[in-house]
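J.: So I've got this file, input.cif, and it contains mmCIF, C-alpha atoms and all ligand atoms:
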```cif
data_data
loop_
_atom_site.label_atom_id
_atom_site.label_comp_id
_atom_site.auth_asym_id
_atom_site.auth_seq_id
_atom_site.Cartn_x
_atom_site.Cartn_y
_atom_site.Cartn_z
CA MET A 1 -94.32 -37.89 -125.18
CA ASN A 2 -95.06 -39.37 -128.63
CA PRO A 3 -94.33 -37.21 -131.68
CA PRO A 4 -97.50 -35.75 -133.26
CA VAL A 5 -99.31 -37.89 -135.81
CA SER A 6 -98.66 -36.44 -139.29
CA VAL A 7 -101.88 -36.21 -141.26
CA GLY A 8 -102.30 -35.84 -144.99
CA ILE A 9 -105.61 -34.58 -146.33
CA ALA A 10 -107.05 -35.66 -149.67
CA GLY A 11 -109.56 -33.13 -151.02
CA TYR A 12 -109.55 -29.43 -150.18
CA GLY A 13 -113.02 -28.43 -151.32
CA TYR A 14 -115.79 -27.61 -148.84
CA TRP A 15 -115.03 -30.14 -146.08
CA GLY A 16 -111.26 -30.66 -146.37
CA PRO A 17 -110.41 -27.21 -144.86
CA ASN A 18 -112.61 -28.08 -141.84
CA LEU A 19 -110.62 -31.27 -141.29
CA ALA A 20 -107.37 -29.33 -141.67
CA ARG A 21 -108.49 -26.68 -139.15
CA ASN A 22 -109.47 -29.29 -136.58
CA PHE A 23 -106.37 -31.47 -136.96
CA ARG A 24 -104.19 -28.35 -136.73
CA SER A 25 -105.82 -27.45 -133.41
CA LEU A 26 -104.77 -30.76 -131.82
CA PRO A 27 -101.47 -30.97 -129.93
CA GLY A 28 -101.12 -34.64 -130.96
CA ALA A 29 -101.45 -33.99 -134.67
CA ARG A 30 -99.96 -31.91 -137.44
CA VAL A 31 -101.19 -31.43 -140.99
CA ALA A 32 -98.16 -32.29 -143.13
CA ALA A 33 -99.61 -32.40 -146.64
CA VAL A 34 -102.73 -31.78 -148.72
CA CYS A 35 -103.57 -33.12 -152.15
CA ASP A 36 -106.21 -31.90 -154.59
CA PRO A 37 -106.15 -32.05 -158.40
CA ASP A 38 -107.87 -28.66 -158.58
CA PRO A 39 -105.11 -26.00 -158.89
CA GLU A 40 -107.30 -23.19 -157.52
CA ARG A 41 -108.14 -25.12 -154.39
CA LEU A 42 -104.53 -26.10 -153.92
CA GLU A 43 -103.51 -22.46 -154.30
CA ARG A 44 -106.10 -21.43 -151.68
CA MET A 45 -104.57 -24.03 -149.35
CA ARG A 46 -101.01 -22.75 -150.06
CA ARG A 47 -102.06 -19.21 -149.19
CA SER A 48 -103.65 -20.15 -145.86
CA LEU A 49 -101.24 -22.97 -144.86
CA PRO A 50 -97.88 -22.14 -146.50
CA GLU A 51 -95.98 -24.63 -144.33
CA VAL A 52 -98.07 -27.59 -145.59
CA ALA A 53 -96.80 -29.58 -148.59
CA ALA A 54 -99.15 -29.40 -151.58
CA PHE A 55 -99.68 -32.19 -154.13
CA ARG A 56 -101.92 -32.53 -157.18
CA ASP A 57 -101.97 -36.31 -156.84
CA CYS A 58 -102.58 -38.45 -153.78
CA GLY A 59 -100.21 -41.19 -155.01
CA GLU A 60 -97.38 -38.64 -155.12
CA MET A 61 -98.27 -37.45 -151.62
CA LEU A 62 -98.14 -41.01 -150.26
CA ALA A 63 -94.89 -41.74 -152.10
CA ALA A 64 -93.27 -38.57 -150.71
CA GLY A 65 -93.57 -40.02 -147.20
CA GLY A 66 -93.90 -37.94 -144.08
CA ILE A 67 -97.51 -38.78 -143.28
CA ASP A 68 -98.80 -41.41 -140.86
CA ALA A 69 -102.49 -41.09 -141.68
CA LEU A 70 -104.73 -39.94 -144.52
CA ALA A 71 -108.02 -38.09 -144.06
CA ILE A 72 -110.19 -38.33 -147.19
CA ALA A 73 -112.65 -35.55 -148.03
CA THR A 74 -113.19 -36.14 -151.74
CA PRO A 75 -116.30 -37.13 -153.72
CA VAL A 76 -117.48 -40.63 -152.77
CA ALA A 77 -116.53 -42.14 -156.15
CA SER A 78 -112.85 -41.74 -155.19
CA HIS A 79 -113.06 -42.93 -151.56
CA HIS A 80 -112.30 -46.60 -152.24
CA ALA A 81 -109.26 -46.05 -154.47
CA LEU A 82 -107.73 -43.40 -152.20
CA ALA A 83 -108.34 -45.34 -148.97
CA ARG A 84 -107.06 -48.59 -150.49
CA ALA A 85 -103.88 -46.95 -151.77
CA ALA A 86 -103.24 -45.36 -148.37
CA LEU A 87 -103.83 -48.61 -146.45
CA LEU A 88 -101.56 -50.55 -148.83
CA ALA A 89 -98.93 -47.86 -148.26
CA GLY A 90 -99.21 -48.45 -144.49
CA ARG A 91 -101.20 -45.32 -143.58
CA HIS A 92 -104.16 -45.16 -141.20
CA VAL A 93 -107.32 -43.80 -142.82
CA LEU A 94 -110.18 -41.54 -141.85
CA VAL A 95 -112.64 -41.56 -144.75
CA GLU A 96 -115.58 -39.19 -144.92
CA LYS A 97 -119.14 -40.46 -145.14
CA PRO A 98 -120.43 -42.30 -147.06
CA MET A 99 -117.54 -44.72 -146.64
CA ALA A 100 -117.49 -45.85 -150.30
CA ALA A 101 -119.74 -46.20 -153.33
CA SER A 102 -120.79 -49.82 -152.72
CA VAL A 103 -120.93 -52.58 -150.12
CA ALA A 104 -118.28 -54.52 -152.06
CA GLN A 105 -115.90 -51.53 -151.87
CA CYS A 106 -116.48 -51.13 -148.13
CA GLU A 107 -115.86 -54.83 -147.52
CA ASP A 108 -112.66 -54.66 -149.54
CA LEU A 109 -111.40 -51.73 -147.46
CA ILE A 110 -112.22 -53.54 -144.21
CA ARG A 111 -110.27 -56.61 -145.36
CA THR A 112 -107.34 -54.43 -146.45
CA ALA A 113 -107.22 -52.51 -143.16
CA ASP A 114 -107.55 -55.69 -141.08
CA ALA A 115 -104.76 -57.41 -143.02
CA ALA A 116 -102.47 -54.42 -142.47
CA GLY A 117 -103.49 -53.89 -138.83
CA LEU A 118 -104.33 -50.23 -139.53
CA THR A 119 -107.10 -47.95 -138.26
CA LEU A 120 -109.93 -47.41 -140.73
CA MET A 121 -112.49 -44.97 -139.37
CA VAL A 122 -115.49 -43.36 -141.09
CA GLY A 123 -116.42 -39.69 -140.72
CA HIS A 124 -119.90 -40.12 -139.25
CA THR A 125 -119.49 -36.79 -137.47
CA TYR A 126 -122.89 -36.81 -135.77
CA LEU A 127 -121.88 -39.78 -133.65
CA TYR A 128 -119.40 -37.40 -132.00
CA SER A 129 -121.92 -34.66 -131.30
CA GLU A 130 -122.79 -34.02 -127.69
CA ALA A 131 -126.47 -33.99 -128.66
CA VAL A 132 -126.41 -37.49 -130.14
CA ARG A 133 -124.38 -38.81 -127.22
CA LYS A 134 -126.95 -37.34 -124.82
CA ILE A 135 -129.86 -38.78 -126.82
CA THR A 136 -128.25 -42.23 -126.77
CA GLU A 137 -127.69 -41.88 -123.03
CA ILE A 138 -131.32 -40.86 -122.39
CA ILE A 139 -132.66 -43.71 -124.53
CA GLY A 140 -130.25 -46.14 -122.83
CA SER A 141 -131.56 -45.03 -119.41
CA GLY A 142 -135.09 -46.12 -120.37
CA GLU A 143 -136.53 -42.65 -119.74
CA ILE A 144 -138.61 -42.62 -122.93
CA GLY A 145 -139.27 -46.38 -122.94
CA GLU A 146 -138.66 -48.44 -126.05
CA VAL A 147 -138.02 -46.38 -129.19
CA ARG A 148 -140.80 -47.31 -131.65
CA TYR A 149 -140.38 -44.64 -134.33
CA ILE A 150 -137.74 -42.15 -135.52
CA ASN A 151 -138.56 -39.34 -137.94
CA CYS A 152 -135.78 -37.32 -139.64
CA GLN A 153 -135.79 -34.25 -141.86
CA ARG A 154 -132.59 -32.94 -143.42
CA LEU A 155 -133.49 -30.27 -145.95
CA ASN A 156 -131.78 -27.26 -147.55
CA LEU A 157 -131.09 -25.64 -150.92
CA GLY A 158 -128.21 -27.61 -152.50
CA LEU A 159 -125.33 -28.21 -152.38
CA PHE A 160 -126.06 -30.27 -155.50
CA GLN A 161 -123.71 -33.20 -156.06
CA THR A 162 -123.13 -34.67 -159.49
CA ASP A 163 -122.06 -38.20 -158.60
CA ILE A 164 -124.53 -39.14 -155.85
CA ASN A 165 -128.17 -38.45 -155.09
CA VAL A 166 -129.43 -36.61 -152.03
CA ALA A 167 -129.97 -39.82 -150.07
CA TRP A 168 -126.27 -40.74 -150.37
CA ASP A 169 -125.30 -37.17 -149.50
CA LEU A 170 -127.52 -36.37 -146.50
CA ALA A 171 -129.12 -39.59 -145.20
CA PRO A 172 -125.81 -41.13 -143.94
CA HIS A 173 -126.04 -38.73 -140.98
CA ASP A 174 -129.53 -39.95 -140.06
CA LEU A 175 -128.73 -43.59 -140.80
CA SER A 176 -125.66 -43.61 -138.56
CA ILE A 177 -127.83 -42.38 -135.68
CA ILE A 178 -130.87 -44.57 -136.46
CA LEU A 179 -128.81 -47.78 -136.73
CA ARG A 180 -127.09 -46.99 -133.46
CA VAL A 181 -130.40 -46.43 -131.65
CA MET A 182 -132.21 -49.38 -133.26
CA GLY A 183 -129.16 -51.67 -132.86
CA SER A 184 -129.87 -53.61 -136.03
CA LEU A 185 -130.32 -53.27 -139.74
CA PRO A 186 -133.92 -52.80 -140.92
CA GLU A 187 -136.00 -55.70 -142.26
CA THR A 188 -137.15 -53.69 -145.26
CA VAL A 189 -136.21 -50.44 -146.97
CA ASN A 190 -138.43 -48.33 -149.21
CA CYS A 191 -137.15 -45.26 -150.99
CA GLN A 192 -139.01 -42.94 -153.31
CA GLY A 193 -137.44 -39.91 -154.92
CA ASN A 194 -137.45 -37.56 -157.85
CA ALA A 195 -134.88 -35.68 -159.94
CA HIS A 196 -136.02 -32.11 -160.62
CA VAL A 197 -132.79 -30.33 -161.57
CA HIS A 198 -130.14 -32.77 -162.76
CA PRO A 199 -131.50 -35.69 -164.80
CA GLU A 200 -131.24 -39.02 -162.98
CA ILE A 201 -129.85 -37.58 -159.73
CA GLU A 202 -132.66 -37.54 -157.18
CA ASP A 203 -132.68 -34.23 -155.32
CA VAL A 204 -135.54 -35.24 -153.00
CA THR A 205 -135.93 -38.68 -151.40
CA ASN A 206 -138.15 -40.24 -148.76
CA ILE A 207 -136.82 -43.36 -147.06
CA SER A 208 -138.88 -45.72 -144.87
CA LEU A 209 -137.18 -48.36 -142.74
CA LYS A 210 -139.07 -51.18 -141.03
CA PHE A 211 -137.30 -52.78 -138.10
CA ALA A 212 -138.00 -56.00 -136.20
CA GLY A 213 -140.82 -55.77 -133.68
CA GLY A 214 -142.82 -53.25 -135.72
CA ARG A 215 -140.39 -50.37 -135.15
CA PHE A 216 -140.15 -47.80 -137.92
CA ALA A 217 -138.04 -44.88 -139.15
CA THR A 218 -138.50 -42.30 -141.90
CA ILE A 219 -135.91 -39.99 -143.47
CA GLN A 220 -136.76 -37.05 -145.67
CA SER A 221 -133.73 -35.65 -147.55
CA SER A 222 -133.84 -32.67 -149.90
CA TRP A 223 -131.65 -30.22 -151.79
CA LEU A 224 -134.77 -28.32 -152.87
CA GLU A 225 -135.90 -26.50 -149.78
CA PRO A 226 -135.58 -22.77 -149.07
CA ARG A 227 -135.22 -23.40 -145.32
CA LYS A 228 -132.42 -25.31 -143.66
CA VAL A 229 -133.96 -28.06 -141.51
CA ARG A 230 -132.04 -30.55 -139.34
CA GLN A 231 -134.57 -32.32 -137.15
CA MET A 232 -135.08 -35.75 -135.66
CA THR A 233 -137.91 -37.02 -133.43
CA PHE A 234 -137.50 -40.16 -131.33
CA VAL A 235 -140.85 -41.59 -130.25
CA GLY A 236 -140.69 -43.98 -127.31
CA THR A 237 -143.39 -45.88 -125.46
CA ARG A 238 -143.06 -43.51 -122.47
CA GLY A 239 -141.84 -40.23 -123.97
CA MET A 240 -140.37 -38.45 -126.96
CA ILE A 241 -137.16 -36.57 -127.81
CA VAL A 242 -136.96 -33.80 -130.39
CA PHE A 243 -133.47 -32.97 -131.69
CA ASP A 244 -133.20 -29.71 -133.62
CA ASP A 245 -129.57 -29.27 -134.57
CA LEU A 246 -130.08 -25.66 -135.67
CA GLU A 247 -131.28 -24.52 -132.25
CA PRO A 248 -128.35 -22.68 -130.65
CA HIS A 249 -129.73 -23.47 -127.19
CA GLY A 250 -132.02 -26.35 -126.40
CA LYS A 251 -131.01 -28.64 -129.26
CA ILE A 252 -132.65 -31.53 -127.40
CA ARG A 253 -136.07 -31.42 -125.79
CA VAL A 254 -137.26 -34.45 -123.85
CA HIS A 255 -141.06 -34.51 -123.76
CA ASP A 256 -142.94 -36.49 -121.13
CA VAL A 257 -145.68 -37.09 -123.67
CA ARG A 258 -147.31 -40.32 -124.76
CA VAL A 259 -150.48 -41.90 -126.03
CA ASP A 260 -151.74 -45.01 -124.25
CA CYS A 261 -154.35 -47.41 -125.55
CA PRO A 262 -156.74 -48.92 -123.00
CA PRO A 263 -155.53 -52.43 -122.11
CA HIS A 264 -159.02 -54.00 -122.55
CA TYR A 265 -162.14 -52.92 -124.34
CA ASP A 266 -165.15 -54.86 -125.56
CA ASN A 267 -166.40 -52.55 -128.27
CA PHE A 268 -165.32 -49.43 -130.08
CA ALA A 269 -167.54 -47.16 -127.92
CA GLU A 270 -165.48 -48.15 -124.88
CA PHE A 271 -162.19 -47.52 -126.68
CA GLN A 272 -160.49 -44.32 -125.58
CA TYR A 273 -156.95 -43.19 -126.08
CA SER A 274 -155.32 -41.69 -123.06
CA TYR A 275 -153.12 -38.70 -123.89
CA HIS A 276 -150.47 -37.91 -121.33
CA TYR A 277 -148.99 -34.40 -121.36
CA GLY A 278 -146.16 -33.95 -118.87
CA GLU A 279 -143.12 -31.72 -118.56
CA CYS A 280 -140.62 -30.88 -121.26
CA ARG A 281 -136.99 -30.67 -120.18
CA ILE A 282 -133.95 -29.32 -122.02
CA PRO A 283 -130.80 -31.21 -121.00
CA HIS A 284 -127.56 -29.25 -120.74
CA LEU A 285 -125.07 -30.06 -123.49
CA ASP A 286 -121.34 -29.38 -123.34
CA GLN A 287 -120.16 -27.08 -126.11
CA GLY A 288 -117.57 -28.19 -128.63
CA GLU A 289 -117.34 -28.97 -132.30
CA PRO A 290 -118.27 -32.59 -133.13
CA LEU A 291 -115.68 -32.60 -135.92
CA GLY A 292 -113.01 -31.58 -133.41
CA ARG A 293 -113.95 -34.50 -131.17
CA MET A 294 -113.92 -36.84 -134.15
CA CYS A 295 -110.46 -35.72 -135.29
CA ALA A 296 -109.09 -36.02 -131.73
CA HIS A 297 -110.59 -39.49 -131.44
CA PHE A 298 -109.02 -40.54 -134.75
CA ILE A 299 -105.61 -39.44 -133.51
CA ASP A 300 -106.17 -41.45 -130.29
CA CYS A 301 -107.06 -44.48 -132.43
CA VAL A 302 -103.96 -44.08 -134.58
CA ALA A 303 -101.87 -43.83 -131.40
CA GLY A 304 -103.44 -47.08 -130.17
CA ALA A 305 -105.18 -45.38 -127.24
CA ALA A 306 -108.76 -46.00 -128.47
CA VAL A 307 -110.80 -47.99 -130.95
CA PRO A 308 -113.01 -46.08 -133.40
CA ASP A 309 -116.47 -45.03 -132.24
CA SER A 310 -117.40 -44.88 -135.94
CA PRO A 311 -115.54 -47.94 -137.22
CA ALA A 312 -115.55 -49.21 -140.78
CA ALA A 313 -118.31 -51.65 -139.76
CA THR A 314 -120.59 -48.66 -139.13
CA GLY A 315 -119.72 -47.17 -142.53
CA LEU A 316 -120.43 -50.53 -144.18
CA GLU A 317 -123.89 -50.91 -142.58
CA VAL A 318 -124.84 -47.36 -143.63
CA VAL A 319 -123.78 -48.10 -147.23
CA ARG A 320 -125.71 -51.39 -147.10
CA VAL A 321 -128.90 -49.42 -146.40
CA LEU A 322 -128.04 -46.84 -149.09
CA GLU A 323 -127.61 -49.64 -151.65
CA ALA A 324 -131.04 -50.97 -150.65
CA CYS A 325 -132.40 -47.42 -151.15
CA ASP A 326 -131.00 -47.39 -154.71
CA ALA A 327 -132.61 -50.78 -155.41
CA SER A 328 -135.94 -49.50 -154.09
CA LEU A 329 -135.70 -46.25 -156.11
CA LYS A 330 -135.25 -48.34 -159.27
CA GLN A 331 -138.53 -50.13 -158.50
CA GLY A 332 -140.42 -46.90 -157.85
CA GLY A 333 -140.22 -47.24 -154.09
CA GLY A 334 -141.00 -50.94 -153.63
CA ALA A 335 -139.87 -52.70 -150.47
CA VAL A 336 -136.36 -54.17 -150.55
CA SER A 337 -135.71 -56.87 -147.95
CA MET A 338 -132.56 -56.83 -145.90
CA ASP A 339 -131.02 -59.29 -143.51
CA PRO A 340 -132.16 -57.62 -140.26
CA ARG A 341 -129.28 -59.05 -138.25
CA PRO A 342 -127.96 -56.97 -135.38
CA CYS A 343 -125.15 -54.58 -136.20
CA PRO A 344 -122.72 -55.84 -133.54
CA ALA A 345 -120.51 -52.78 -133.70
CA LEU A 346 -123.50 -50.47 -133.41
CA ALA A 347 -125.37 -52.40 -130.74
CA GLY A 348 -122.14 -52.72 -128.77
CA LEU A 349 -121.49 -49.02 -129.00
CA ALA A 350 -125.01 -48.10 -127.94
CA ALA A 351 -124.58 -50.21 -124.84
CA ALA A 352 -121.21 -48.65 -124.12
CA VAL A 353 -122.40 -45.02 -124.16
N1 LIG B 401 -119.13 -35.29 -142.04
C1 LIG B 401 -119.77 -34.24 -142.53
O1 LIG B 401 -120.56 -33.59 -141.83
C2 LIG B 401 -119.52 -33.82 -143.94
C3 LIG B 401 -119.91 -32.56 -144.40
C4 LIG B 401 -119.64 -32.22 -145.73
C5 LIG B 401 -119.04 -33.13 -146.58
N2 LIG B 401 -118.69 -34.37 -146.09
C6 LIG B 401 -118.08 -35.37 -146.98
O2 LIG B 401 -116.80 -34.92 -147.40
C7 LIG B 401 -116.53 -35.40 -148.71
C8 LIG B 401 -116.19 -34.21 -149.61
O3 LIG B 401 -117.30 -33.35 -149.67
P1 LIG B 401 -117.15 -31.81 -150.10
O4 LIG B 401 -118.48 -31.21 -149.86
O5 LIG B 401 -115.95 -31.24 -149.46
O6 LIG B 401 -116.90 -31.95 -151.68
P2 LIG B 401 -116.23 -30.85 -152.63
O7 LIG B 401 -116.65 -31.21 -154.00
O8 LIG B 401 -116.51 -29.48 -152.14
O9 LIG B 401 -114.66 -31.08 -152.46
C9 LIG B 401 -114.05 -32.27 -152.90
C10 LIG B 401 -112.59 -31.93 -153.26
O10 LIG B 401 -111.93 -33.17 -153.54
C11 LIG B 401 -111.06 -32.93 -154.64
N3 LIG B 401 -110.75 -34.23 -155.27
C12 LIG B 401 -111.46 -34.92 -156.17
N4 LIG B 401 -110.84 -36.08 -156.47
C13 LIG B 401 -109.71 -36.11 -155.72
C14 LIG B 401 -108.64 -37.05 -155.58
N5 LIG B 401 -108.64 -38.21 -156.26
N6 LIG B 401 -107.64 -36.76 -154.72
C15 LIG B 401 -107.62 -35.60 -154.01
N7 LIG B 401 -108.62 -34.67 -154.11
C16 LIG B 401 -109.65 -34.94 -154.95
C17 LIG B 401 -111.84 -31.97 -155.54
O11 LIG B 401 -110.99 -31.29 -156.45
C18 LIG B 401 -112.45 -31.04 -154.50
O12 LIG B 401 -111.61 -29.94 -154.21
C19 LIG B 401 -117.77 -36.17 -149.14
O13 LIG B 401 -117.59 -37.53 -148.87
C20 LIG B 401 -118.86 -35.60 -148.25
O14 LIG B 401 -119.93 -36.50 -148.03
C21 LIG B 401 -118.90 -34.72 -144.82
#
```
Represent the structure contained in this file as structure tokens.

T.:
Amino acid sequence: MNPPVSVGIAGYGYWGPNLARNFRSLPGARVAAVCDPDPERLERMRRSLPEVAAFRDCGEMLAAGGIDALAIATPVASHHALARAALLAGRHVLVEKPMAASVAQCEDLIRTADAAGLTLMVGHTYLYSEAVRKITEIIGSGEIGEVRYINCQRLNLGLFQTDINVAWDLAPHDLSIILRVMGSLPETVNCQGNAHVHPEIEDVTNISLKFAGGRFATIQSSWLEPRKVRQMTFVGTRGMIVFDDLEPHGKIRVHDVRVDCPPHYDNFAEFQYSYHYGECRIPHLDQGEPLGRMCAHFIDCVAGAAVPDSPAATGLEVVRVLEACDASLKQGGGAVSMDPRPCPALAGLAAAV
């Protein structure tokens, strides 16, 4: 049996402890070190994980040796520098979403990982959720026909970030799922938003994505909402799926509902929509924490037993759309054109599910 993969964790704020907990639960992994420049957070880590080495600086942690892989849960502004340093030091990398602060940074990390032959995976956790896997499976089976429209709402109060707007914070989850289902980048991106609390950092955004063939997706992201909402609706030509991630039971409902237009009509008086109301079914989902599956999968990738389900190519395409959102925001929401080429990694994955 191979020795466990030793993982170092950069960033022990809100998300880092979740990564530590999940890696520690895996027989094939051990958390060897944590780094965070914040002394209070490092002290909290020391109290709960006294056997784990603590560092104020990631460079010192890498230089100390003893870790095979680095998991990065720091603010996005630091993702590129930390991931690059780890890859150049010969460590595999799991970097939280969004992968980096720009397309150029993502491309640089991909080149660096490829040159070193190391795993570079992005923490698009939703792609490891049983609900999203089931949705992809149902769509792949043709049960709801061709997906024409996806609507997403991800709303709550805070947590306010100071270096990125709400689209960069929350929309990566929706984008990772949308791009996988649509199998390509959009043709155009529109993004409107407003900053109500912190000047120049939009705390509410509305994104519209137009895909080839008249398909469409919308994403509403907000840090200014008293309720927590995590909903997506997938509208197909034959049926619809509603995904409510906050439902403890019945996260996914598959509705046999559609609206048909009459194939031929000569004048408006003859035109009648046909509304079909059928059954609604609630597929069974296996329990389990998506983050746990993601961490286990990363360890398999490091061990050479798998290739990432959320590879760097996925992280890059998500950041490409986020950059287009920024460009649109600057123009007050005007359409920004993108190269709508297929996302090979995403389309390939969708087919493989
Ligand atoms: N996949 C998910 O569902 C999910 C959920 C929450 C957060 N995240 C991601 O995790 C990352 C961190 O988010 P958070 O909410 O934990 O932020 P946070 O601000 O709560 O914590 C970040 C921590 O990183 C530390 N840090 C800053 N610079 C550092 C450096 N150079 N080296 C080491 N540590 C450094 C900070 O001191 C802080 O303790 C973000 O990319 C975020 O998008 C992902």

J.: Within 7 Å of ligand LIG 401 (chain B), which residues of chain A show up? Give each one with its shortest atom-to-atom distance in Å (one decimal) and the two atoms involved, counting all atoms listed in the file, rows by chain then rising residue number, as JSON lines.

T.:
```
{"residue": "A:Ala10", "atom": "CA", "partner": "B:LIG401", "partner_atom": "C15", "distance": 4.4}
{"residue": "A:Gly11", "atom": "CA", "partner": "B:LIG401", "partner_atom": "O10", "distance": 3.5}
{"residue": "A:Tyr12", "atom": "CA", "partner": "B:LIG401", "partner_atom": "O12", "distance": 4.6}
{"residue": "A:Gly13", "atom": "CA", "partner": "B:LIG401", "partner_atom": "O9", "distance": 3.3}
{"residue": "A:Tyr14", "atom": "CA", "partner": "B:LIG401", "partner_atom": "O5", "distance": 3.7}
{"residue": "A:Trp15", "atom": "CA", "partner": "B:LIG401", "partner_atom": "O5", "distance": 3.7}
{"residue": "A:Gly16", "atom": "CA", "partner": "B:LIG401", "partner_atom": "O5", "distance": 5.6}
{"residue": "A:Cys35", "atom": "CA", "partner": "B:LIG401", "partner_atom": "C15", "distance": 5.1}
{"residue": "A:Asp36", "atom": "CA", "partner": "B:LIG401", "partner_atom": "N7", "distance": 3.7}
{"residue": "A:Pro37", "atom": "CA", "partner": "B:LIG401", "partner_atom": "O11", "distance": 5.3}
{"residue": "A:Asp38", "atom": "CA", "partner": "B:LIG401", "partner_atom": "O11", "distance": 4.6}
{"residue": "A:Arg41", "atom": "CA", "partner": "B:LIG401", "partner_atom": "O12", "distance": 5.9}
{"residue": "A:Asp57", "atom": "CA", "partner": "B:LIG401", "partner_atom": "N6", "distance": 6.1}
{"residue": "A:Cys58", "atom": "CA", "partner": "B:LIG401", "partner_atom": "N6", "distance": 5.4}
{"residue": "A:Ala73", "atom": "CA", "partner": "B:LIG401", "partner_atom": "C7", "distance": 3.9}
{"residue": "A:Thr74", "atom": "CA", "partner": "B:LIG401", "partner_atom": "O10", "distance": 3.7}
{"residue": "A:Pro75", "atom": "CA", "partner": "B:LIG401", "partner_atom": "C19", "distance": 4.9}
{"residue": "A:Val76", "atom": "CA", "partner": "B:LIG401", "partner_atom": "O13", "distance": 5.0}
{"residue": "A:Ser78", "atom": "CA", "partner": "B:LIG401", "partner_atom": "N5", "distance": 5.6}
{"residue": "A:Leu82", "atom": "CA", "partner": "B:LIG401", "partner_atom": "N5", "distance": 6.7}
{"residue": "A:Glu96", "atom": "CA", "partner": "B:LIG401", "partner_atom": "O13", "distance": 4.7}
{"residue": "A:Lys97", "atom": "CA", "partner": "B:LIG401", "partner_atom": "O14", "distance": 5.0}
{"residue": "A:Pro98", "atom": "CA", "partner": "B:LIG401", "partner_atom": "O13", "distance": 5.8}
{"residue": "A:Gly123", "atom": "CA", "partner": "B:LIG401", "partner_atom": "N1", "distance": 5.3}
{"residue": "A:His124", "atom": "CA", "partner": "B:LIG401", "partner_atom": "N1", "distance": 5.6}
{"residue": "A:Thr125", "atom": "CA", "partner": "B:LIG401", "partner_atom": "N1", "distance": 4.8}
{"residue": "A:Asp169", "atom": "CA", "partner": "B:LIG401", "partner_atom": "O14", "distance": 5.6}
```

J.: From the options A:Arg215, A:Arg253, A:Arg180, A:His79, which residue's atoms come nearest to Tyr149 of chain A, counting all atoms listed in the file?

T.: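 Nearest to Tyr149 of chain A: A:Arg215.
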
J.: Please compute the atom CA of Ile67 of chain A-atom CA of Asp108 of chain A distance, one decimal, in Å.

T.: 22.8 Å

J.: Using only C-alpha atoms, collect all residues at a distance of at most 6 Å from (-112.2, -32.5, -137.1) as written in the file, then present them as a list in words.

T.: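 Residues found, by chain and rising number: Leu19, Asn22, Phe23, Leu291, Gly292, Met294 and Cys295 of chain A.
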
J.: Nearest residue to Ala313 of chain A out of A:Val235, A:Ala296, A:Met240, A:Cys343, using only C-alpha atoms?

T.: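 Counting only C-alpha atoms, the residue closest to Ala313 of chain A is A:Cys343.
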
J.: Name the closest residue to Val197 of chain A among the candidates A:Gly117, A:Pro263, A:Gly158, A:Pro17; distances are taken between atoms, counting only C-alpha atoms.

T.: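 Smallest distance to Val197 of chain A is found for A:Gly158.
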
J.: Tell me which protein, DNA and RNA residues are within 10 Å of Ile178 of chain A, counting all atoms listed in the file, leaving out same-chain ones fewer than 5 positions away, and put them as a PyMOL selection string.

T.: chain A and resi 149-152+172-173+183-186+209+216-219+232+234+318+346

J.: Write the residues you've just listed into a file as a compact mmCIF listing (two decimals), in the frame of the given file, and include C-alpha atoms for each of them.

T.:
```txt
# COMPACT_ATOMS: atom_id res chain seq x y z
CA TYR A 149 -140.38 -44.64 -134.33
CA ILE A 150 -137.74 -42.15 -135.52
CA ASN A 151 -138.56 -39.34 -137.94
CA CYS A 152 -135.78 -37.32 -139.64
CA PRO A 172 -125.81 -41.13 -143.94
CA HIS A 173 -126.04 -38.73 -140.98
CA GLY A 183 -129.16 -51.67 -132.86
CA SER A 184 -129.87 -53.61 -136.03
CA LEU A 185 -130.32 -53.27 -139.74
CA PRO A 186 -133.92 -52.80 -140.92
CA LEU A 209 -137.18 -48.36 -142.74
CA PHE A 216 -140.15 -47.80 -137.92
CA ALA A 217 -138.04 -44.88 -139.15
CA THR A 218 -138.50 -42.30 -141.90
CA ILE A 219 -135.91 -39.99 -143.47
CA MET A 232 -135.08 -35.75 -135.66
CA PHE A 234 -137.50 -40.16 -131.33
CA VAL A 318 -124.84 -47.36 -143.63
CA LEU A 346 -123.50 -50.47 -133.41
```

J.: Please compute the atom CA of Asp286 of chain A-atom CA of Val242 of chain A distance, one decimal, in Å.

T.: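 Between these atoms lies a distance of 17.7 Å.
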
J.: Starting from the point (-129.8, -36.0, -154.6), work out which residues of protein, DNA or RNA have an atom no more than 7 Å away when counting all atoms listed in the file; state them as a ChimeraX atom specification.

T.: /A:160-161,164-167,169,201-204,223

J.: Kindly save the residues from that selection, with C-alpha atoms included, as a compact mmCIF listing (two decimals), in the coordinates of the input.

T.:
```txt
# COMPACT_ATOMS: atom_id res chain seq x y z
CA PHE A 160 -126.06 -30.27 -155.50
CA GLN A 161 -123.71 -33.20 -156.06
CA ILE A 164 -124.53 -39.14 -155.85
CA ASN A 165 -128.17 -38.45 -155.09
CA VAL A 166 -129.43 -36.61 -152.03
CA ALA A 167 -129.97 -39.82 -150.07
CA ASP A 169 -125.30 -37.17 -149.50
CA ILE A 201 -129.85 -37.58 -159.73
CA GLU A 202 -132.66 -37.54 -157.18
CA ASP A 203 -132.68 -34.23 -155.32
CA VAL A 204 -135.54 -35.24 -153.00
CA TRP A 223 -131.65 -30.22 -151.79
```

J.: So which one's closest to Gly239 of chain A, A:Ala269, A:Ile138, A:Ala33, A:Cys325? Using all atoms listed in the file, please.

T.: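 Under the stated criterion, the closest residue is A:Ile138.
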